[in-house]
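What follows is entry.pdb (PDB, C-alpha atoms).
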```
ATOM      1  CA  MET A   1      77.641  25.733 136.491
ATOM      2  CA  ASP A   2      81.167  26.152 135.024
ATOM      3  CA  ILE A   3      82.693  29.426 133.817
ATOM      4  CA  ALA A   4      82.378  28.549 130.118
ATOM      5  CA  HIS A   5      78.653  27.813 130.406
ATOM      6  CA  LEU A   6      78.068  30.975 132.459
ATOM      7  CA  TRP A   7      79.886  33.066 129.840
ATOM      8  CA  HIS A   8      77.844  31.660 126.939
ATOM      9  CA  ALA A   9      74.511  31.728 128.788
ATOM     10  CA  LEU A  10      74.854  35.078 130.536
ATOM     11  CA  GLY A  11      78.130  36.975 130.049
ATOM     12  CA  TRP A  12      78.344  37.139 126.261
ATOM     13  CA  PRO A  13      74.606  37.904 125.637
ATOM     14  CA  LEU A  14      74.750  40.680 128.252
ATOM     15  CA  LEU A  15      77.972  42.155 126.849
ATOM     16  CA  ARG A  16      76.583  42.060 123.295
ATOM     17  CA  LEU A  17      73.398  43.773 124.503
ATOM     18  CA  LEU A  18      75.350  46.566 126.244
ATOM     19  CA  GLY A  19      77.482  47.134 123.148
ATOM     20  CA  SER A  20      74.442  47.394 120.877
ATOM     21  CA  LEU A  21      72.755  49.629 123.409
ATOM     22  CA  ALA A  22      75.709  52.014 123.612
ATOM     23  CA  LEU A  23      75.953  52.314 119.825
ATOM     24  CA  GLY A  24      72.211  52.849 119.448
ATOM     25  CA  LEU A  25      72.139  55.483 122.175
ATOM     26  CA  LEU A  26      74.995  57.422 120.601
ATOM     27  CA  VAL A  27      73.378  57.412 117.149
ATOM     28  CA  ALA A  28      69.951  58.330 118.526
ATOM     29  CA  ASN A  29      71.234  61.243 120.596
ATOM     30  CA  LEU A  30      73.235  62.552 117.651
ATOM     31  CA  ILE A  31      70.141  62.458 115.437
ATOM     32  CA  GLU A  32      68.107  64.294 118.077
ATOM     33  CA  ALA A  33      70.803  66.945 118.552
ATOM     34  CA  LEU A  34      70.866  67.613 114.792
ATOM     35  CA  ASN A  35      67.123  68.471 114.839
ATOM     36  CA  TRP A  36      66.469  66.041 111.986
ATOM     37  CA  THR A  37      62.690  66.495 112.218
ATOM     38  CA  ARG A  38      62.747  70.277 111.900
ATOM     39  CA  PHE A  39      62.053  70.199 108.165
ATOM     40  CA  LEU A  40      58.584  68.796 108.955
ATOM     41  CA  ALA A  41      57.588  72.186 110.367
ATOM     42  CA  ARG A  42      56.793  73.517 106.886
ATOM     43  CA  PHE A  43      53.765  71.200 106.771
ATOM     44  CA  ALA A  44      52.181  72.790 109.841
ATOM     45  CA  ALA A  45      50.292  75.560 108.023
ATOM     46  CA  PRO A  46      48.088  73.374 105.761
ATOM     47  CA  ILE A  47      47.573  70.820 108.548
ATOM     48  CA  ILE A  48      46.213  73.273 111.109
ATOM     49  CA  ARG A  49      43.825  74.724 108.512
ATOM     50  CA  ILE A  50      42.142  71.316 108.368
ATOM     51  CA  GLY A  51      41.335  71.529 112.087
ATOM     52  CA  HIS A  52      40.473  75.252 112.147
ATOM     53  CA  LEU A  53      43.393  75.836 114.519
ATOM     54  CA  LYS A  54      45.125  79.182 115.003
ATOM     55  CA  ASP A  55      48.525  80.082 113.597
ATOM     56  CA  VAL A  56      50.162  80.136 117.007
ATOM     57  CA  ILE A  57      49.095  76.498 117.466
ATOM     58  CA  GLY A  58      50.747  75.641 114.159
ATOM     59  CA  ALA A  59      53.908  77.424 115.245
ATOM     60  CA  SER A  60      53.896  75.538 118.550
ATOM     61  CA  PHE A  61      53.366  72.281 116.632
ATOM     62  CA  SER A  62      56.435  73.092 114.516
ATOM     63  CA  MET A  63      58.587  74.009 117.505
ATOM     64  CA  ALA A  64      57.578  70.810 119.340
ATOM     65  CA  PHE A  65      59.579  68.817 116.785
ATOM     66  CA  PHE A  66      62.779  70.073 118.393
ATOM     67  CA  SER A  67      61.822  71.551 121.777
ATOM     68  CA  GLY A  68      58.790  70.747 123.899
ATOM     69  CA  VAL A  69      59.663  73.524 126.345
ATOM     70  CA  ALA A  70      59.800  76.125 123.557
ATOM     71  CA  ALA A  71      56.496  74.872 122.124
ATOM     72  CA  ASN A  72      54.717  75.098 125.479
ATOM     73  CA  SER A  73      56.265  78.493 126.221
ATOM     74  CA  LEU A  74      54.803  79.828 122.982
ATOM     75  CA  LEU A  75      51.364  78.471 123.952
ATOM     76  CA  ALA A  76      51.655  79.951 127.452
ATOM     77  CA  GLU A  77      52.503  83.368 126.045
ATOM     78  CA  ALA A  78      49.536  83.294 123.660
ATOM     79  CA  TYR A  79      47.216  82.019 126.406
ATOM     80  CA  GLY A  80      48.365  84.712 128.823
ATOM     81  CA  ALA A  81      47.745  87.367 126.153
ATOM     82  CA  GLY A  82      44.217  86.076 125.586
ATOM     83  CA  ARG A  83      44.883  84.817 122.043
ATOM     84  CA  LEU A  84      43.969  81.261 123.043
ATOM     85  CA  THR A  85      40.918  80.071 125.004
ATOM     86  CA  ASP A  86      41.069  77.295 127.594
ATOM     87  CA  ARG A  87      39.729  74.801 125.066
ATOM     88  CA  GLU A  88      42.194  75.895 122.372
ATOM     89  CA  LEU A  89      45.095  75.599 124.820
ATOM     90  CA  ILE A  90      44.126  72.031 125.727
ATOM     91  CA  LEU A  91      43.631  71.099 122.071
ATOM     92  CA  ALA A  92      47.004  72.620 121.153
ATOM     93  CA  ASN A  93      48.788  70.698 123.897
ATOM     94  CA  LEU A  94      47.105  67.456 122.832
ATOM     95  CA  PHE A  95      47.854  68.175 119.175
ATOM     96  CA  ASN A  96      51.560  68.432 119.983
ATOM     97  CA  SER A  97      51.706  64.793 121.084
ATOM     98  CA  LEU A  98      52.812  63.725 117.597
ATOM     99  CA  PRO A  99      55.844  66.028 117.226
ATOM    100  CA  THR A 100      56.732  65.383 120.864
ATOM    101  CA  TYR A 101      56.744  61.670 120.045
ATOM    102  CA  PHE A 102      58.917  62.251 116.971
ATOM    103  CA  LEU A 103      61.354  64.235 119.100
ATOM    104  CA  HIS A 104      62.202  61.103 121.090
ATOM    105  CA  LEU A 105      61.555  58.510 118.352
ATOM    106  CA  PRO A 106      65.220  57.874 117.388
ATOM    107  CA  GLN A 107      66.294  57.234 120.972
ATOM    108  CA  MET A 108      63.233  55.118 121.689
ATOM    109  CA  PHE A 109      63.818  52.902 118.649
ATOM    110  CA  PHE A 110      67.569  52.506 119.059
ATOM    111  CA  ILE A 111      67.119  51.639 122.737
ATOM    112  CA  THR A 112      64.368  49.105 122.083
ATOM    113  CA  VAL A 113      66.093  47.164 119.283
ATOM    114  CA  PRO A 114      69.031  45.801 121.338
ATOM    115  CA  PHE A 115      66.666  44.531 124.026
ATOM    116  CA  ILE A 116      63.906  42.827 122.034
ATOM    117  CA  GLY A 117      65.177  42.664 118.452
ATOM    118  CA  ALA A 118      64.337  44.635 115.330
ATOM    119  CA  ARG A 119      61.038  42.904 114.542
ATOM    120  CA  ALA A 120      59.455  43.231 117.991
ATOM    121  CA  ALA A 121      60.892  46.738 118.392
ATOM    122  CA  ALA A 122      59.444  47.853 115.053
ATOM    123  CA  THR A 123      56.043  46.472 116.067
ATOM    124  CA  TYR A 124      56.038  48.091 119.511
ATOM    125  CA  VAL A 125      57.358  51.457 118.349
ATOM    126  CA  GLY A 126      55.065  51.352 115.325
ATOM    127  CA  LEU A 127      52.003  50.781 117.501
ATOM    128  CA  THR A 128      52.883  53.635 119.850
ATOM    129  CA  LEU A 129      53.521  55.845 116.809
ATOM    130  CA  LEU A 130      50.122  54.852 115.416
ATOM    131  CA  ALA A 131      48.531  55.916 118.706
ATOM    132  CA  ALA A 132      50.310  59.302 118.534
ATOM    133  CA  VAL A 133      49.176  59.856 114.920
ATOM    134  CA  ALA A 134      45.622  58.904 115.893
ATOM    135  CA  ARG A 135      45.630  61.430 118.746
ATOM    136  CA  SER A 136      46.679  64.335 116.536
ATOM    137  CA  ALA A 137      44.267  63.252 113.797
ATOM    138  CA  ALA A 138      41.429  63.129 116.320
ATOM    139  CA  ILE A 139      42.232  66.696 117.394
ATOM    140  CA  LEU A 140      42.021  67.854 113.766
ATOM    141  CA  VAL A 141      38.643  66.165 113.321
ATOM    142  CA  TYR A 142      37.317  67.581 116.590
ATOM    143  CA  GLY A 143      38.594  71.062 115.772
ATOM    144  CA  ARG A 144      37.004  71.008 112.337
ATOM    145  CA  LEU A 145      33.670  70.036 113.876
ATOM    146  CA  VAL A 146      33.544  72.498 116.796
ATOM    147  CA  LEU A 147      35.821  75.428 115.919
ATOM    148  CA  PRO A 148      34.952  78.157 113.413
ATOM    149  CA  PRO A 149      37.036  78.482 110.218
ATOM    150  CA  LEU A 150      39.869  80.996 110.416
ATOM    151  CA  ALA A 151      41.326  83.369 107.866
ATOM    152  CA  ASP A 152      44.688  82.500 106.321
ATOM    153  CA  GLY A 153      47.594  83.598 108.464
ATOM    154  CA  CYS A 154      51.336  83.184 108.885
ATOM    155  CA  VAL A 155      52.651  80.267 110.902
ATOM    156  CA  VAL A 156      56.331  81.043 110.304
ATOM    157  CA  CYS A 157      55.856  84.549 111.668
ATOM    158  CA  HIS A 158      55.666  82.993 115.154
ATOM    159  CA  LEU A 159      58.943  81.077 114.740
ATOM    160  CA  THR A 160      62.547  82.070 115.331
ATOM    161  CA  ASP A 161      65.376  80.686 113.215
ATOM    162  CA  ASP A 162      68.129  79.649 115.610
ATOM    163  CA  SER A 163      71.651  79.312 114.237
ATOM    164  CA  PHE A 164      73.004  75.755 113.949
ATOM    165  CA  SER A 165      76.408  74.638 115.193
ATOM    166  CA  TRP A 166      77.931  71.197 114.636
ATOM    167  CA  LYS A 167      80.146  71.678 117.686
ATOM    168  CA  LYS A 168      77.168  72.415 119.940
ATOM    169  CA  ALA A 169      75.151  69.550 118.450
ATOM    170  CA  LEU A 170      77.939  66.999 118.977
ATOM    171  CA  ALA A 171      78.635  68.221 122.522
ATOM    172  CA  LYS A 172      74.939  68.025 123.351
ATOM    173  CA  ALA A 173      74.683  64.492 121.908
ATOM    174  CA  TRP A 174      77.744  63.267 123.837
ATOM    175  CA  LYS A 175      76.516  64.716 127.128
ATOM    176  CA  ARG A 176      73.090  63.091 126.737
ATOM    177  CA  PHE A 177      74.709  59.812 125.684
ATOM    178  CA  LEU A 178      76.879  59.567 128.801
ATOM    179  CA  ARG A 179      74.006  60.447 131.140
ATOM    180  CA  ARG A 180      71.561  58.020 129.520
ATOM    181  CA  LEU A 181      74.079  55.187 129.153
ATOM    182  CA  ARG A 182      74.978  55.316 132.847
ATOM    183  CA  SER A 183      71.321  55.047 133.794
ATOM    184  CA  MET A 184      70.653  52.238 131.309
ATOM    185  CA  VAL A 185      73.595  50.147 132.524
ATOM    186  CA  LEU A 186      72.526  50.522 136.154
ATOM    187  CA  PHE A 187      69.120  49.095 135.271
ATOM    188  CA  THR A 188      70.057  46.605 132.578
ATOM    189  CA  VAL A 189      72.880  44.611 134.167
ATOM    190  CA  PRO A 190      71.237  43.641 137.491
ATOM    191  CA  ILE A 191      67.818  43.028 135.914
ATOM    192  CA  TYR A 192      69.227  40.846 133.138
ATOM    193  CA  ILE A 193      71.224  38.787 135.641
ATOM    194  CA  LEU A 194      68.237  38.547 137.987
ATOM    195  CA  PHE A 195      65.908  37.279 135.281
ATOM    196  CA  HIS A 196      68.463  34.764 134.078
ATOM    197  CA  TYR A 197      68.611  33.161 137.516
ATOM    198  CA  LEU A 198      64.884  33.450 138.148
ATOM    199  CA  THR A 199      64.373  31.368 135.030
ATOM    200  CA  VAL A 200      67.070  28.862 136.017
ATOM    201  CA  TRP A 201      65.594  28.486 139.510
ATOM    202  CA  GLY A 202      62.069  27.883 138.185
ATOM    203  CA  VAL A 203      60.545  30.925 139.886
ATOM    204  CA  PHE A 204      58.302  31.737 136.931
ATOM    205  CA  ASP A 205      56.915  28.216 136.863
ATOM    206  CA  ALA A 206      55.855  28.672 140.491
ATOM    207  CA  VAL A 207      54.360  32.090 139.779
ATOM    208  CA  GLU A 208      52.405  30.646 136.873
ATOM    209  CA  ARG A 209      50.827  28.051 139.133
ATOM    210  CA  TRP A 210      49.954  30.750 141.718
ATOM    211  CA  LEU A 211      48.376  33.023 139.101
ATOM    212  CA  ALA A 212      46.286  30.169 137.767
ATOM    213  CA  ALA A 213      44.928  29.561 141.279
ATOM    214  CA  HIS A 214      44.390  33.166 142.451
ATOM    215  CA  LEU A 215      44.353  35.686 139.601
ATOM    216  CA  GLY A 216      42.175  34.327 136.842
ATOM    217  CA  PHE A 217      41.587  37.772 135.306
ATOM    218  CA  LEU A 218      45.276  37.858 134.325
ATOM    219  CA  SER A 219      45.123  34.479 132.652
ATOM    220  CA  TRP A 220      45.662  36.053 129.223
ATOM    221  CA  MET A 221      49.161  37.108 130.352
ATOM    222  CA  THR A 222      51.932  34.745 131.375
ATOM    223  CA  PRO A 223      53.784  35.423 134.644
ATOM    224  CA  GLN A 224      56.837  36.434 132.618
ATOM    225  CA  ALA A 225      54.744  39.032 130.793
ATOM    226  CA  VAL A 226      53.282  40.283 134.086
ATOM    227  CA  SER A 227      56.805  40.709 135.433
ATOM    228  CA  ILE A 228      57.639  42.995 132.498
ATOM    229  CA  VAL A 229      54.663  45.171 133.406
ATOM    230  CA  MET A 230      55.723  45.206 137.063
ATOM    231  CA  PHE A 231      59.249  46.322 136.230
ATOM    232  CA  GLN A 232      57.927  49.110 134.001
ATOM    233  CA  MET A 233      55.689  50.311 136.807
ATOM    234  CA  ALA A 234      58.302  49.983 139.564
ATOM    235  CA  ALA A 235      61.242  51.531 137.709
ATOM    236  CA  GLU A 236      61.297  52.895 134.169
ATOM    237  CA  THR A 237      60.852  51.769 130.564
ATOM    238  CA  SER A 238      64.401  50.471 130.288
ATOM    239  CA  ALA A 239      63.741  48.133 133.214
ATOM    240  CA  GLY A 240      60.766  46.624 131.425
ATOM    241  CA  LEU A 241      62.807  46.328 128.234
ATOM    242  CA  ALA A 242      65.626  44.613 130.100
ATOM    243  CA  ALA A 243      63.151  42.138 131.545
ATOM    244  CA  ALA A 244      61.619  41.598 128.107
ATOM    245  CA  GLY A 245      65.048  41.018 126.569
ATOM    246  CA  ALA A 246      65.881  38.424 129.196
ATOM    247  CA  MET A 247      62.591  36.618 128.599
ATOM    248  CA  LEU A 248      63.060  36.610 124.826
ATOM    249  CA  GLY A 249      66.660  35.483 125.168
ATOM    250  CA  ALA A 250      65.590  32.559 127.354
ATOM    251  CA  GLY A 251      62.813  31.619 124.940
ATOM    252  CA  ASP A 252      60.123  32.067 127.612
ATOM    253  CA  LEU A 253      58.093  34.629 125.649
ATOM    254  CA  GLU A 254      57.239  35.185 122.010
ATOM    255  CA  PRO A 255      57.681  38.641 120.416
ATOM    256  CA  ARG A 256      53.893  39.184 120.321
ATOM    257  CA  GLN A 257      53.589  38.516 124.062
ATOM    258  CA  VAL A 258      56.437  40.937 124.736
ATOM    259  CA  VAL A 259      54.817  43.686 122.653
ATOM    260  CA  LEU A 260      51.495  43.257 124.482
ATOM    261  CA  ALA A 261      53.226  43.320 127.880
ATOM    262  CA  LEU A 262      55.174  46.465 126.972
ATOM    263  CA  LEU A 263      51.982  48.186 125.822
ATOM    264  CA  VAL A 264      50.179  47.276 129.067
ATOM    265  CA  GLY A 265      53.147  48.473 131.102
ATOM    266  CA  ASN A 266      53.283  51.672 129.068
ATOM    267  CA  ILE A 267      49.617  52.402 129.759
ATOM    268  CA  LEU A 268      49.861  51.709 133.498
ATOM    269  CA  SER A 269      53.234  53.251 134.274
ATOM    270  CA  THR A 270      53.438  56.376 132.127
ATOM    271  CA  PRO A 271      50.745  58.648 133.674
ATOM    272  CA  MET A 272      52.300  58.882 137.146
ATOM    273  CA  ARG A 273      55.822  59.021 135.735
ATOM    274  CA  ALA A 274      54.780  61.728 133.279
ATOM    275  CA  PHE A 275      53.201  63.777 136.047
ATOM    276  CA  ARG A 276      56.335  63.432 138.185
ATOM    277  CA  HIS A 277      58.618  64.587 135.374
ATOM    278  CA  GLN A 278      56.354  67.038 133.530
ATOM    279  CA  PHE A 279      54.704  68.954 136.339
ATOM    280  CA  PRO A 280      57.832  70.819 137.541
ATOM    281  CA  TYR A 281      58.529  72.388 134.156
ATOM    282  CA  TYR A 282      54.839  72.661 133.178
ATOM    283  CA  ALA A 283      54.206  74.616 136.391
ATOM    284  CA  GLY A 284      57.120  76.861 135.506
ATOM    285  CA  ILE A 285      55.548  77.694 132.127
ATOM    286  CA  PHE A 286      51.837  77.720 132.992
ATOM    287  CA  LYS A 287      50.067  78.364 136.261
ATOM    288  CA  PRO A 288      50.021  75.217 138.467
ATOM    289  CA  ALA A 289      46.254  74.689 138.039
ATOM    290  CA  VAL A 290      46.578  74.967 134.260
ATOM    291  CA  ALA A 291      49.608  72.658 134.305
ATOM    292  CA  VAL A 292      47.660  69.967 136.182
ATOM    293  CA  ARG A 293      44.723  70.276 133.788
ATOM    294  CA  LEU A 294      46.964  69.936 130.727
ATOM    295  CA  ILE A 295      48.809  66.908 132.093
ATOM    296  CA  VAL A 296      45.565  65.153 133.101
ATOM    297  CA  HIS A 297      44.004  65.696 129.668
ATOM    298  CA  ASN A 298      47.201  64.670 127.916
ATOM    299  CA  GLN A 299      47.684  61.440 129.856
ATOM    300  CA  ALA A 300      44.011  60.439 129.727
ATOM    301  CA  PHE A 301      43.936  60.966 125.958
ATOM    302  CA  ARG A 302      47.230  59.119 125.559
ATOM    303  CA  ALA A 303      46.057  56.133 127.633
ATOM    304  CA  ALA A 304      42.789  55.915 125.672
ATOM    305  CA  SER A 305      44.625  55.840 122.336
ATOM    306  CA  LEU A 306      47.071  53.183 123.560
ATOM    307  CA  ILE A 307      44.221  51.024 124.888
ATOM    308  CA  LEU A 308      42.553  51.135 121.459
ATOM    309  CA  VAL A 309      45.822  50.167 119.787
ATOM    310  CA  LEU A 310      46.417  47.402 122.353
ATOM    311  CA  VAL A 311      42.960  45.888 121.832
ATOM    312  CA  ALA A 312      43.322  46.065 118.057
ATOM    313  CA  TYR A 313      46.716  44.367 118.158
ATOM    314  CA  ALA A 314      45.536  41.715 120.618
ATOM    315  CA  VAL A 315      42.611  40.843 118.337
ATOM    316  CA  LEU A 316      44.211  41.284 114.922
ATOM    317  CA  GLY A 317      47.954  40.998 115.550
TER     318      GLY A 317
END
```
Take the structure in the file and give it back as structure tokens.
Amino acid sequence: MDIAHLWHALGWPLLRLLGSLALGLLVANLIEALNWTRFLARFAAPIIRIGHLKDVIGASFSMAFFSGVAANSLLAEAYGAGRLTDRELILANLFNSLPTYFLHLPQMFFITVPFIGARAAATYVGLTLLAAVARSAAILVYGRLVLPPLADGCVVCHLTDDSFSWKKALAKAWKRFLRRLRSMVLFTVPIYILFHYLTVWGVFDAVERWLAAHLGFLSWMTPQAVSIVMFQMAAETSAGLAAAGAMLGAGDLEPRQVVLALLVGNILSTPMRAFRHQFPYYAGIFKPAVAVRLIVHNQAFRAASLILVLVAYAVLG
């Protein structure tokens, strides 16, 4: 293989991907630092009335749009003071899955697009967003059925209005950008190169023959799609996206197959990763036993919603 062919087949696509990734990361982190979703907090009061939820839950829901730690701290304080029962605490934590999702939505979307393209990224992110909306909606329905109606209260009374600074926002965005970009490059470059050569060497053709002979229950997924799931489970989401981008770039997978593989990898890889990352700060806010209970409920509910979305997309997509 000559230098010109290597540049066109591997070097230029990889360089273009890294450039798009860097730009997307910078924009996404800037949007997050500016608290662009904070204006949605004003809708919390009428929403929580639908589910018979307390004002402090609405305030936590509002705060979760810009700080998950602040939202959980508010719940912990109310729970410790006896203003929330065990069931209400769990429901509140589950209810906050939607604003927590929105908090990271810009970065998630701008990271996904360079890897798998706008169409596949919009489908994947849209399906995970649908699952998050469904989770919060289910909490409202459940609350309306099992919780007693509450008198009108004051959601904003539980909130603090922090001063905004462009200087602080830009510094925060730049710091996050550098940290995240370094991590993404460390995963993306070797994985992209690896998958390029695995395809050239015919490894996936051999794996496909082995799967057909030994793992019939995975016959609905190609070996390339299974590899995306494996990378998501072994490393992190960006590793699975890098693998997916390489497969799409080589023409070995269609966008629909990539979306299904990313959803499967998301379902299988996120619970343990979430526990590893969430438990330290959850245990610092709640008691360890309560922290474990919240994480288990949250991840089980999240996996169930994603499975429903996955099945629906597999059948109807």
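Note that the spacing between atom CA of Arg16 of chain A and atom CA of Phe231 of chain A amounts to 22.0 Å.
Proximity to Leu170 of chain A was assessed for A:Val264, A:Leu26, A:Leu74, A:Ile228 counting only C-alpha atoms; the smallest distance is recorded for A:Leu26.
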Picked residues, the PyMOL selection byres ((chain A and resi 88) around 9), as a PyMOL selection string: chain A and resi 53-54+57+79+84-87+89-93+143
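Distance annotation: of A:Ala244, A:Val133, A:Leu75, A:Val146, the residue with the minimal separation from Thr112 of chain A is A:Ala244; atom set is all atoms listed in the file.
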message: Using only C-alpha atoms, can you tell me which of A:Pro13, A:Ser269, A:Ile111, A:His52 comes closest to Val141 of chain A?
response: A:His52
Apply the PyMOL selection byres ((chain A and resi 249) around 10) to the file shown and report the selected residues as a PDB file with C-alpha atoms, in the coordinates of the input.
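Printed below is selection.pdb as written:
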```
ATOM      1  CA  ALA A   9      74.511  31.728 128.788  1.00  0.00           C
ATOM      2  CA  LEU A  10      74.854  35.078 130.536  1.00  0.00           C
ATOM      3  CA  PRO A  13      74.606  37.904 125.637  1.00  0.00           C
ATOM      4  CA  PHE A 115      66.666  44.531 124.026  1.00  0.00           C
ATOM      5  CA  ILE A 116      63.906  42.827 122.034  1.00  0.00           C
ATOM      6  CA  GLY A 117      65.177  42.664 118.452  1.00  0.00           C
ATOM      7  CA  TYR A 192      69.227  40.846 133.138  1.00  0.00           C
ATOM      8  CA  HIS A 196      68.463  34.764 134.078  1.00  0.00           C
ATOM      9  CA  ALA A 243      63.151  42.138 131.545  1.00  0.00           C
ATOM     10  CA  ALA A 244      61.619  41.598 128.107  1.00  0.00           C
ATOM     11  CA  GLY A 245      65.048  41.018 126.569  1.00  0.00           C
ATOM     12  CA  ALA A 246      65.881  38.424 129.196  1.00  0.00           C
ATOM     13  CA  MET A 247      62.591  36.618 128.599  1.00  0.00           C
ATOM     14  CA  LEU A 248      63.060  36.610 124.826  1.00  0.00           C
ATOM     15  CA  ALA A 250      65.590  32.559 127.354  1.00  0.00           C
ATOM     16  CA  GLY A 251      62.813  31.619 124.940  1.00  0.00           C
ATOM     17  CA  ASP A 252      60.123  32.067 127.612  1.00  0.00           C
ATOM     18  CA  LEU A 253      58.093  34.629 125.649  1.00  0.00           C
ATOM     19  CA  GLU A 254      57.239  35.185 122.010  1.00  0.00           C
TER      20      GLU A 254
END
```
- request: List the residues matched by the PyMOL selection byres ((chain A and resi 260) around 12) in the displayed structure as a ChimeraX atom specification, ordered by chain and then by residue number.
  value: /A:120-121,123-125,127-128,220-222,224-226,228-229,244,253-259,261-267,306-307,309-315,317
Take the selection from the previous step and output its residues with C-alpha atoms, as a PDB file, keeping the file's coordinate frame.
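Result went into selection29.pdb, see below:
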```pdb
ATOM      1  CA  ALA A 120      59.455  43.231 117.991  1.00  0.00           C
ATOM      2  CA  ALA A 121      60.892  46.738 118.392  1.00  0.00           C
ATOM      3  CA  THR A 123      56.043  46.472 116.067  1.00  0.00           C
ATOM      4  CA  TYR A 124      56.038  48.091 119.511  1.00  0.00           C
ATOM      5  CA  VAL A 125      57.358  51.457 118.349  1.00  0.00           C
ATOM      6  CA  LEU A 127      52.003  50.781 117.501  1.00  0.00           C
ATOM      7  CA  THR A 128      52.883  53.635 119.850  1.00  0.00           C
ATOM      8  CA  TRP A 220      45.662  36.053 129.223  1.00  0.00           C
ATOM      9  CA  MET A 221      49.161  37.108 130.352  1.00  0.00           C
ATOM     10  CA  THR A 222      51.932  34.745 131.375  1.00  0.00           C
ATOM     11  CA  GLN A 224      56.837  36.434 132.618  1.00  0.00           C
ATOM     12  CA  ALA A 225      54.744  39.032 130.793  1.00  0.00           C
ATOM     13  CA  VAL A 226      53.282  40.283 134.086  1.00  0.00           C
ATOM     14  CA  ILE A 228      57.639  42.995 132.498  1.00  0.00           C
ATOM     15  CA  VAL A 229      54.663  45.171 133.406  1.00  0.00           C
ATOM     16  CA  ALA A 244      61.619  41.598 128.107  1.00  0.00           C
ATOM     17  CA  LEU A 253      58.093  34.629 125.649  1.00  0.00           C
ATOM     18  CA  GLU A 254      57.239  35.185 122.010  1.00  0.00           C
ATOM     19  CA  PRO A 255      57.681  38.641 120.416  1.00  0.00           C
ATOM     20  CA  ARG A 256      53.893  39.184 120.321  1.00  0.00           C
ATOM     21  CA  GLN A 257      53.589  38.516 124.062  1.00  0.00           C
ATOM     22  CA  VAL A 258      56.437  40.937 124.736  1.00  0.00           C
ATOM     23  CA  VAL A 259      54.817  43.686 122.653  1.00  0.00           C
ATOM     24  CA  ALA A 261      53.226  43.320 127.880  1.00  0.00           C
ATOM     25  CA  LEU A 262      55.174  46.465 126.972  1.00  0.00           C
ATOM     26  CA  LEU A 263      51.982  48.186 125.822  1.00  0.00           C
ATOM     27  CA  VAL A 264      50.179  47.276 129.067  1.00  0.00           C
ATOM     28  CA  GLY A 265      53.147  48.473 131.102  1.00  0.00           C
ATOM     29  CA  ASN A 266      53.283  51.672 129.068  1.00  0.00           C
ATOM     30  CA  ILE A 267      49.617  52.402 129.759  1.00  0.00           C
ATOM     31  CA  LEU A 306      47.071  53.183 123.560  1.00  0.00           C
ATOM     32  CA  ILE A 307      44.221  51.024 124.888  1.00  0.00           C
ATOM     33  CA  VAL A 309      45.822  50.167 119.787  1.00  0.00           C
ATOM     34  CA  LEU A 310      46.417  47.402 122.353  1.00  0.00           C
ATOM     35  CA  VAL A 311      42.960  45.888 121.832  1.00  0.00           C
ATOM     36  CA  ALA A 312      43.322  46.065 118.057  1.00  0.00           C
ATOM     37  CA  TYR A 313      46.716  44.367 118.158  1.00  0.00           C
ATOM     38  CA  ALA A 314      45.536  41.715 120.618  1.00  0.00           C
ATOM     39  CA  VAL A 315      42.611  40.843 118.337  1.00  0.00           C
ATOM     40  CA  GLY A 317      47.954  40.998 115.550  1.00  0.00           C
TER      41      GLY A 317
END
```
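Once Ala138 of chain A and its same-chain neighbours fewer than 6 positions away are set aside, A:Gly51, A:Leu94, A:Phe95, A:Ala132, A:Arg144, A:Ser305 remain within 10 Å of it when counting only C-alpha atoms.
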- request: Quote the spacing between atom CA of Ala173 of chain A and atom CA of Ile295 of chain A in Å to one decimal place.
  value: 27.9 Å
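If you look at atom CA of Leu241 of chain A and atom CA of Val189 of chain A, they are 11.8 Å away from each other.
The smallest atom-to-atom distance between Ala70 of chain A and any of A:Ile47, A:Thr100, A:Leu145, A:Gly19, using all atoms listed in the file, is found for A:Thr100.
Nearest-residue note for Val185 of chain A: choosing from A:Ser238, A:Leu294, A:Phe102, A:Arg119, the minimum distance belongs to A:Ser238, counting only C-alpha atoms.
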Distance criterion (all atoms listed in the file): nearest to Leu6 of chain A out of A:Leu186, A:Val296, A:Val200, A:Met108: A:Val200
